[in-house]
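All remarks here apply to the structure that follows.
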Amino acid sequence: MDVIGKSVIRKDALDKVSGRAKYTHDYATGPILSVKMLISPYGHARIVSIDTTEAMKVPGVRAIISGKHYPLVGEAIRDRPPIAVDKVRYHGEPVALVVADSAPQAKQAADLIKVQYELLPVVNSPTQAFQKDAPLVHERLGEYKKEEDSSPVPDTNIATHIKIRKGNMERGWTESETVVEASFSFAPSDHAAMETRCSTAEIKPDGTIIIMTSSQAPFMVKRLIADYFGEDIGKIIVHTPLVGGAYGGKAPVQLEILAYLASKEVGGKPVKLLNTREEDIITSPCHIGLDATVKLGADRNGKLKAAEIRYLWDGGAYSDKAIDVTRSGAVDCTGPYNIENVWCDSYCMYTNHPYAAPFRGFSHSELSFAIERTMDILAQKLNLDPLELRYINAIMPGNTTPTQVLLNRSNLGDLPKCIEKVRELIRWDEGAVTRVNERLIRVKGVGCSWKTSTIDANAPSGAILTFNQDGSINLMSGVIEIGTGTKTVLAQILAESLKMDVNKIHVRMEVDTQTTPEHWKTVASRGTFMAGRAVLQAAEDVKKQLIEVASCVLKAPKEDFEIANSRVFLRDDPTIGLHFKDIGYGYKFPNGNAIGGQIIGRGHYILRHITSLDPETGAGKPGPEWSVAAYGVEIEFDLRDYTYRLLTAATVVDIGRVLNEKMAQGQVMGAMSMGLAFAGRETFYFDELGRVLNPQLRTYRPLRYGENPRYLVGFVETPQLDAPYGARGVGELGLMGMPGALGNALSIAAGVQLYHLPLIPELIWMAKEGATNASF
């Protein structure tokens, strides 16, 4: 391999480090109106009245939108009014939109809108929502339009219920000589992407709707706006430039709808809606919360025999993407372990919290915390080494998933190898606990995870290649560059296939839904797999065209030609050939005749053999493959005040094939940092009215520079045969096991089992002192 596996510099690197890179807000210049939201100050309240009299007097105000009954929106269930009508269901919900000439004018007017509320009982956790006498977040749940695979339960707060029924539970418990059961919980939190969400909209006189947005799913924006509001889908054009971080939070469609409605209200004039940091944290979709109960049974040798699991997902006020997250949590509910008898109930619950979006790992970092903590509890009860317990139960080819998919070496990574490698990286055999002095100890914790991608069975991806006159190639794909470097990897895949210099491949970063081939969504670690397959097909199309022209010009059979170094040449005599620049735009003979024309290659890919889940058993194939990883975390723990310092974090991922080593390492390290921050500090704190008490980065604290541990990253390569050069998705794997490994290390260090996130010293102190009645 000449390009695959090499640490090629990212195509967008220079623009980003120099500050020239442009994001949605950077493009929104010139004559454009500003939109400002008025948001709800309460978690649950009836809207008694809205008075906009004083607000309309502010100079520059063009329109105020409030109290209008627009079509309900939402991907899985149409349960969300774009702007709240009648009542609000979460703190931060948009109640009114102000459109004005400038942002200060819009803000001034929004502050002058007077809303009278009547407080309603608040549902402040998924466990509370699950109670029979809980207040209803949606009284008309049974009347909403919904997708076929959503199953809301009327007169409850259950947005959907996914069942997994595998094997024989009675036999599983009979064979179990040791049983452990534990419950875990954590509140919703934020994605904390550097770029806050931003959308612009304009409606041309001919009805063309032009939207620019910081989104992971511009083609979904196009489809949903057409679907919700009866617009002509061919007249909706969505532009997405570079996106400054997303992590799943920019997959839902929200600001785009509001910008569209605002533009429509002012006669189609261009408008811009930019979230402040506080709005980005509480108004737009957040990271899902979870209350989980896990019961595991094992024989005397530690072999798992049964698992009974209940996940109550905190979907927030509206179901939207939370239903997909709930399904994803169900299909991989056990973690990467072979368990023949499984019973899992995964519920998406309505609460009066900000509604949920996917978060890097799509339910797997969340469920892995519950599973991995329970595995450590089981190891302690069995008096087994925690890493050994995971090794003997590691899922293997020939086993089946909870949804009863038969696994093989192609669709499953090698977890035992990952475990062995992480054992070496963190020097596990030297001991889990080391005494530093009377006050400090150093402790190691371990964990594992796995993931498949539960995306639409007919999710497509396309690629277009066009030649330039100098023989270089333009690559266009609908993948969004959200910071992952995927488009650079696509260039490497193309360069390897054509055996050419990757610097001769120009990648278009911006996506325009009118001219860019569709890629379903840039989510679920699917960019390289799906778009890579499309690029490989486009490369074959280009090869065929190049050889056809060369065959005609050089008067030789097509099968005699090879392609390399931007040339088409005879296999047996490489001196006879043509450069791409001579035939990429057609070939002109000495007498003036010409053949061919600009070579344009196309390729597409659509997922195959993906099925729906059986509603009663959960049986079905939800994704193409399962990636696996093993993790270790070492901390220095203060026995006196329960503070701790992160020393080392290690992740070993079965990546299938390393395509770009530096970028793969960076992906995993960045994910590890997010996982440790989610586990150790990031959370929303709610009061009794459902209000988020920490909606600023001063009080909502991601991991800061200097607080990070030393990162160790290792890779195992078990090729996935249907993937580009055998590569597996890696963008999420570094995060998923960090919460469980950190929780396990701290539980050993403190000498008490920890069941809740975030793992802050106060929580450890409360667990240690037995203050279980406090709420953290």
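Each chain of the structure tokens is named A, B, ... in the order shown, its residues numbered from 1; ligands are numbered from 1 in display order.
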Could you write out, as a ChimeraX atom specification, all the residues of range 580-636 of chain A that DSSP marks as helix (DSSP H, G or I)?
/A:580-583
With 12 Å as the cut-off and only C-alpha atoms counted, what is the closest atom pair between each nearby residue of range 192-303 of chain A and range 35-39 of chain A? Distances in Å to one decimal, ordered by chain and number, as a tab-separated table.
```
residue	atom	partner	partner_atom	distance
A:Cys198	CA	A:Val35	CA	10.7
A:Ser199	CA	A:Val35	CA	10.0
A:Thr200	CA	A:Val35	CA	9.4
A:Ala201	CA	A:Val35	CA	10.6
A:Leu255	CA	A:Met37	CA	10.3
A:Glu256	CA	A:Val35	CA	11.8
A:Leu258	CA	A:Val35	CA	8.9
A:Ala259	CA	A:Val35	CA	7.6
A:Tyr260	CA	A:Val35	CA	10.8
A:Leu261	CA	A:Val35	CA	10.5
A:Ala262	CA	A:Val35	CA	7.3
A:Ser263	CA	A:Val35	CA	9.3
A:Glu265	CA	A:Val35	CA	11.3
A:Val266	CA	A:Val35	CA	11.1
A:Lys269	CA	A:Val35	CA	11.7
A:Pro270	CA	A:Val35	CA	10.3
A:Val271	CA	A:Val35	CA	6.6
A:Lys272	CA	A:Val35	CA	5.9
A:Leu273	CA	A:Val35	CA	5.0
A:Leu274	CA	A:Val35	CA	7.7
A:Asn275	CA	A:Lys36	CA	8.6
A:Thr276	CA	A:Lys36	CA	9.8
A:Glu278	CA	A:Ile39	CA	10.8
A:Glu279	CA	A:Ile39	CA	8.5
A:Asp280	CA	A:Met37	CA	11.6
A:Ile282	CA	A:Ile39	CA	9.6
A:Thr283	CA	A:Ile39	CA	7.5
A:Ser284	CA	A:Ile39	CA	10.9
```
Would you export the selected residues with N, CA and C atoms as a PDB file, in the first residue's frame, please?
```
ATOM      1  N   CYS A 198     -25.886  27.026  14.091  1.00  0.00           N
ATOM      2  CA  CYS A 198     -26.239  28.231  13.334  1.00  0.00           C
ATOM      3  C   CYS A 198     -26.934  27.810  12.050  1.00  0.00           C
ATOM      4  N   SER A 199     -27.994  28.526  11.686  1.00  0.00           N
ATOM      5  CA  SER A 199     -28.698  28.260  10.431  1.00  0.00           C
ATOM      6  C   SER A 199     -29.146  29.569   9.802  1.00  0.00           C
ATOM      7  N   THR A 200     -29.086  29.623   8.487  1.00  0.00           N
ATOM      8  CA  THR A 200     -29.643  30.742   7.741  1.00  0.00           C
ATOM      9  C   THR A 200     -30.682  30.198   6.777  1.00  0.00           C
ATOM     10  N   ALA A 201     -31.618  31.056   6.378  1.00  0.00           N
ATOM     11  CA  ALA A 201     -32.651  30.635   5.425  1.00  0.00           C
ATOM     12  C   ALA A 201     -33.071  31.810   4.569  1.00  0.00           C
ATOM     13  N   LEU A 255     -32.890  24.173  14.330  1.00  0.00           N
ATOM     14  CA  LEU A 255     -32.741  25.574  13.954  1.00  0.00           C
ATOM     15  C   LEU A 255     -33.096  25.811  12.501  1.00  0.00           C
ATOM     16  N   GLU A 256     -32.869  24.810  11.658  1.00  0.00           N
ATOM     17  CA  GLU A 256     -33.187  24.944  10.241  1.00  0.00           C
ATOM     18  C   GLU A 256     -34.683  25.205  10.046  1.00  0.00           C
ATOM     19  N   LEU A 258     -36.721  26.568  12.307  1.00  0.00           N
ATOM     20  CA  LEU A 258     -37.025  27.901  12.836  1.00  0.00           C
ATOM     21  C   LEU A 258     -36.581  28.988  11.869  1.00  0.00           C
ATOM     22  N   ALA A 259     -35.421  28.821  11.260  1.00  0.00           N
ATOM     23  CA  ALA A 259     -34.946  29.810  10.286  1.00  0.00           C
ATOM     24  C   ALA A 259     -35.869  29.854   9.072  1.00  0.00           C
ATOM     25  N   TYR A 260     -36.301  28.692   8.615  1.00  0.00           N
ATOM     26  CA  TYR A 260     -37.252  28.628   7.491  1.00  0.00           C
ATOM     27  C   TYR A 260     -38.545  29.369   7.826  1.00  0.00           C
ATOM     28  N   LEU A 261     -39.106  29.112   9.012  1.00  0.00           N
ATOM     29  CA  LEU A 261     -40.353  29.781   9.409  1.00  0.00           C
ATOM     30  C   LEU A 261     -40.160  31.282   9.541  1.00  0.00           C
ATOM     31  N   ALA A 262     -39.003  31.704  10.065  1.00  0.00           N
ATOM     32  CA  ALA A 262     -38.736  33.133  10.221  1.00  0.00           C
ATOM     33  C   ALA A 262     -38.635  33.817   8.864  1.00  0.00           C
ATOM     34  N   SER A 263     -37.944  33.186   7.913  1.00  0.00           N
ATOM     35  CA  SER A 263     -37.835  33.771   6.582  1.00  0.00           C
ATOM     36  C   SER A 263     -39.206  33.870   5.917  1.00  0.00           C
ATOM     37  N   GLU A 265     -41.981  34.258   7.352  1.00  0.00           N
ATOM     38  CA  GLU A 265     -42.770  35.296   8.023  1.00  0.00           C
ATOM     39  C   GLU A 265     -42.443  36.694   7.493  1.00  0.00           C
ATOM     40  N   VAL A 266     -41.224  36.888   6.964  1.00  0.00           N
ATOM     41  CA  VAL A 266     -40.825  38.214   6.466  1.00  0.00           C
ATOM     42  C   VAL A 266     -40.712  38.224   4.945  1.00  0.00           C
ATOM     43  N   LYS A 269     -37.191  36.961   3.001  1.00  0.00           N
ATOM     44  CA  LYS A 269     -35.895  37.633   3.156  1.00  0.00           C
ATOM     45  C   LYS A 269     -34.912  36.718   3.885  1.00  0.00           C
ATOM     46  N   PRO A 270     -33.617  36.880   3.600  1.00  0.00           N
ATOM     47  CA  PRO A 270     -32.621  36.046   4.291  1.00  0.00           C
ATOM     48  C   PRO A 270     -32.560  36.359   5.779  1.00  0.00           C
ATOM     49  N   VAL A 271     -32.503  35.307   6.584  1.00  0.00           N
ATOM     50  CA  VAL A 271     -32.441  35.454   8.036  1.00  0.00           C
ATOM     51  C   VAL A 271     -31.362  34.526   8.587  1.00  0.00           C
ATOM     52  N   LYS A 272     -30.880  34.852   9.774  1.00  0.00           N
ATOM     53  CA  LYS A 272     -29.877  34.021  10.427  1.00  0.00           C
ATOM     54  C   LYS A 272     -30.248  33.813  11.885  1.00  0.00           C
ATOM     55  N   LEU A 273     -30.141  32.559  12.319  1.00  0.00           N
ATOM     56  CA  LEU A 273     -30.390  32.196  13.719  1.00  0.00           C
ATOM     57  C   LEU A 273     -29.123  31.538  14.252  1.00  0.00           C
ATOM     58  N   LEU A 274     -28.501  32.188  15.221  1.00  0.00           N
ATOM     59  CA  LEU A 274     -27.248  31.707  15.816  1.00  0.00           C
ATOM     60  C   LEU A 274     -27.466  31.490  17.305  1.00  0.00           C
ATOM     61  N   ASN A 275     -27.191  30.279  17.768  1.00  0.00           N
ATOM     62  CA  ASN A 275     -27.310  29.984  19.194  1.00  0.00           C
ATOM     63  C   ASN A 275     -26.214  30.679  19.994  1.00  0.00           C
ATOM     64  N   THR A 276     -26.597  31.277  21.119  1.00  0.00           N
ATOM     65  CA  THR A 276     -25.603  31.602  22.120  1.00  0.00           C
ATOM     66  C   THR A 276     -25.163  30.289  22.767  1.00  0.00           C
ATOM     67  N   GLU A 278     -25.440  29.434  25.868  1.00  0.00           N
ATOM     68  CA  GLU A 278     -26.495  28.955  26.769  1.00  0.00           C
ATOM     69  C   GLU A 278     -27.620  28.307  25.980  1.00  0.00           C
ATOM     70  N   GLU A 279     -28.026  28.926  24.867  1.00  0.00           N
ATOM     71  CA  GLU A 279     -29.078  28.325  24.044  1.00  0.00           C
ATOM     72  C   GLU A 279     -28.619  26.997  23.460  1.00  0.00           C
ATOM     73  N   ASP A 280     -27.361  26.929  23.074  1.00  0.00           N
ATOM     74  CA  ASP A 280     -26.848  25.690  22.498  1.00  0.00           C
ATOM     75  C   ASP A 280     -26.890  24.556  23.518  1.00  0.00           C
ATOM     76  N   ILE A 282     -29.028  24.320  26.330  1.00  0.00           N
ATOM     77  CA  ILE A 282     -30.338  23.898  26.861  1.00  0.00           C
ATOM     78  C   ILE A 282     -31.474  23.919  25.849  1.00  0.00           C
ATOM     79  N   THR A 283     -31.369  24.725  24.800  1.00  0.00           N
ATOM     80  CA  THR A 283     -32.481  24.836  23.849  1.00  0.00           C
ATOM     81  C   THR A 283     -32.410  23.766  22.771  1.00  0.00           C
ATOM     82  N   SER A 284     -31.213  23.537  22.262  1.00  0.00           N
ATOM     83  CA  SER A 284     -31.037  22.524  21.231  1.00  0.00           C
ATOM     84  C   SER A 284     -30.823  21.150  21.874  1.00  0.00           C
TER      85      SER A 284
END
```
Non-local contacts of Gly67 in chain A (9 Å; only C-alpha atoms; under 2 positions in same chain excluded) as a list in words:
Ile50, Ile65, His69, Ile83, Ala84, Val85, Asp86, Val95 and Ala96 of chain A
Could those residues be written to a file, using N, CA, C and O atoms, as a PDB file, in the first residue's frame?
```pdb
ATOM      1  N   ILE A  50     -49.352  35.641  25.907  1.00  0.00           N
ATOM      2  CA  ILE A  50     -48.112  36.213  25.383  1.00  0.00           C
ATOM      3  C   ILE A  50     -48.421  37.615  24.893  1.00  0.00           C
ATOM      4  O   ILE A  50     -49.305  37.811  24.053  1.00  0.00           O
ATOM      5  N   ILE A  65     -43.018  35.922  15.957  1.00  0.00           N
ATOM      6  CA  ILE A  65     -43.807  34.705  15.760  1.00  0.00           C
ATOM      7  C   ILE A  65     -44.053  34.068  17.118  1.00  0.00           C
ATOM      8  O   ILE A  65     -43.108  33.714  17.833  1.00  0.00           O
ATOM      9  N   HIS A  69     -49.984  27.698  15.312  1.00  0.00           N
ATOM     10  CA  HIS A  69     -50.062  26.242  15.246  1.00  0.00           C
ATOM     11  C   HIS A  69     -49.480  25.770  13.916  1.00  0.00           C
ATOM     12  O   HIS A  69     -50.179  25.666  12.910  1.00  0.00           O
ATOM     13  N   ILE A  83     -42.439  25.891  17.555  1.00  0.00           N
ATOM     14  CA  ILE A  83     -42.462  26.940  18.577  1.00  0.00           C
ATOM     15  C   ILE A  83     -43.588  26.574  19.527  1.00  0.00           C
ATOM     16  O   ILE A  83     -44.708  26.278  19.097  1.00  0.00           O
ATOM     17  N   ALA A  84     -43.320  26.585  20.821  1.00  0.00           N
ATOM     18  CA  ALA A  84     -44.285  26.085  21.805  1.00  0.00           C
ATOM     19  C   ALA A  84     -45.629  26.798  21.693  1.00  0.00           C
ATOM     20  O   ALA A  84     -45.700  28.019  21.563  1.00  0.00           O
ATOM     21  N   VAL A  85     -46.669  25.989  21.741  1.00  0.00           N
ATOM     22  CA  VAL A  85     -48.037  26.503  21.754  1.00  0.00           C
ATOM     23  C   VAL A  85     -48.768  25.812  22.903  1.00  0.00           C
ATOM     24  O   VAL A  85     -48.577  24.624  23.147  1.00  0.00           O
ATOM     25  N   ASP A  86     -49.555  26.535  23.618  1.00  0.00           N
ATOM     26  CA  ASP A  86     -50.363  26.017  24.729  1.00  0.00           C
ATOM     27  C   ASP A  86     -49.530  25.727  25.978  1.00  0.00           C
ATOM     28  O   ASP A  86     -49.886  26.153  27.067  1.00  0.00           O
ATOM     29  N   VAL A  95     -40.337  29.756  22.662  1.00  0.00           N
ATOM     30  CA  VAL A  95     -41.716  30.218  22.866  1.00  0.00           C
ATOM     31  C   VAL A  95     -42.092  31.270  21.821  1.00  0.00           C
ATOM     32  O   VAL A  95     -43.250  31.387  21.441  1.00  0.00           O
ATOM     33  N   ALA A  96     -41.113  32.021  21.372  1.00  0.00           N
ATOM     34  CA  ALA A  96     -41.354  33.057  20.358  1.00  0.00           C
ATOM     35  C   ALA A  96     -40.074  33.287  19.572  1.00  0.00           C
ATOM     36  O   ALA A  96     -38.965  33.049  20.071  1.00  0.00           O
TER      37      ALA A  96
END
```
Which residues come within 9 Å of range 335-345 of chain A, counting only C-alpha atoms, excluding same-chain residues fewer than 2 positions away, as a PyMOL selection string?
chain A and resi 161-173+303-312+330+332-333+347+364+367-368+371-372+390+392-396+399-402+415+448-451+628-629
Determine which residues of range 154-201 of chain A DSSP labels as strand (DSSP E) from the backbone of this structure, then write them out as a list of chain:residue names.
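In range 154-201 of chain A, DSSP puts these residues in strand (DSSP E): A:Ile158, A:Ala159, A:Thr160, A:His161, A:Ile162, A:Lys163, A:Ile164, A:Arg165, A:Lys166, A:Thr178, A:Val179, A:Val180, A:Glu181, A:Ala182, A:Ser183, A:Phe184, A:Ser185, A:Phe186, A:Cys198, A:Ser199, A:Thr200, A:Ala201.
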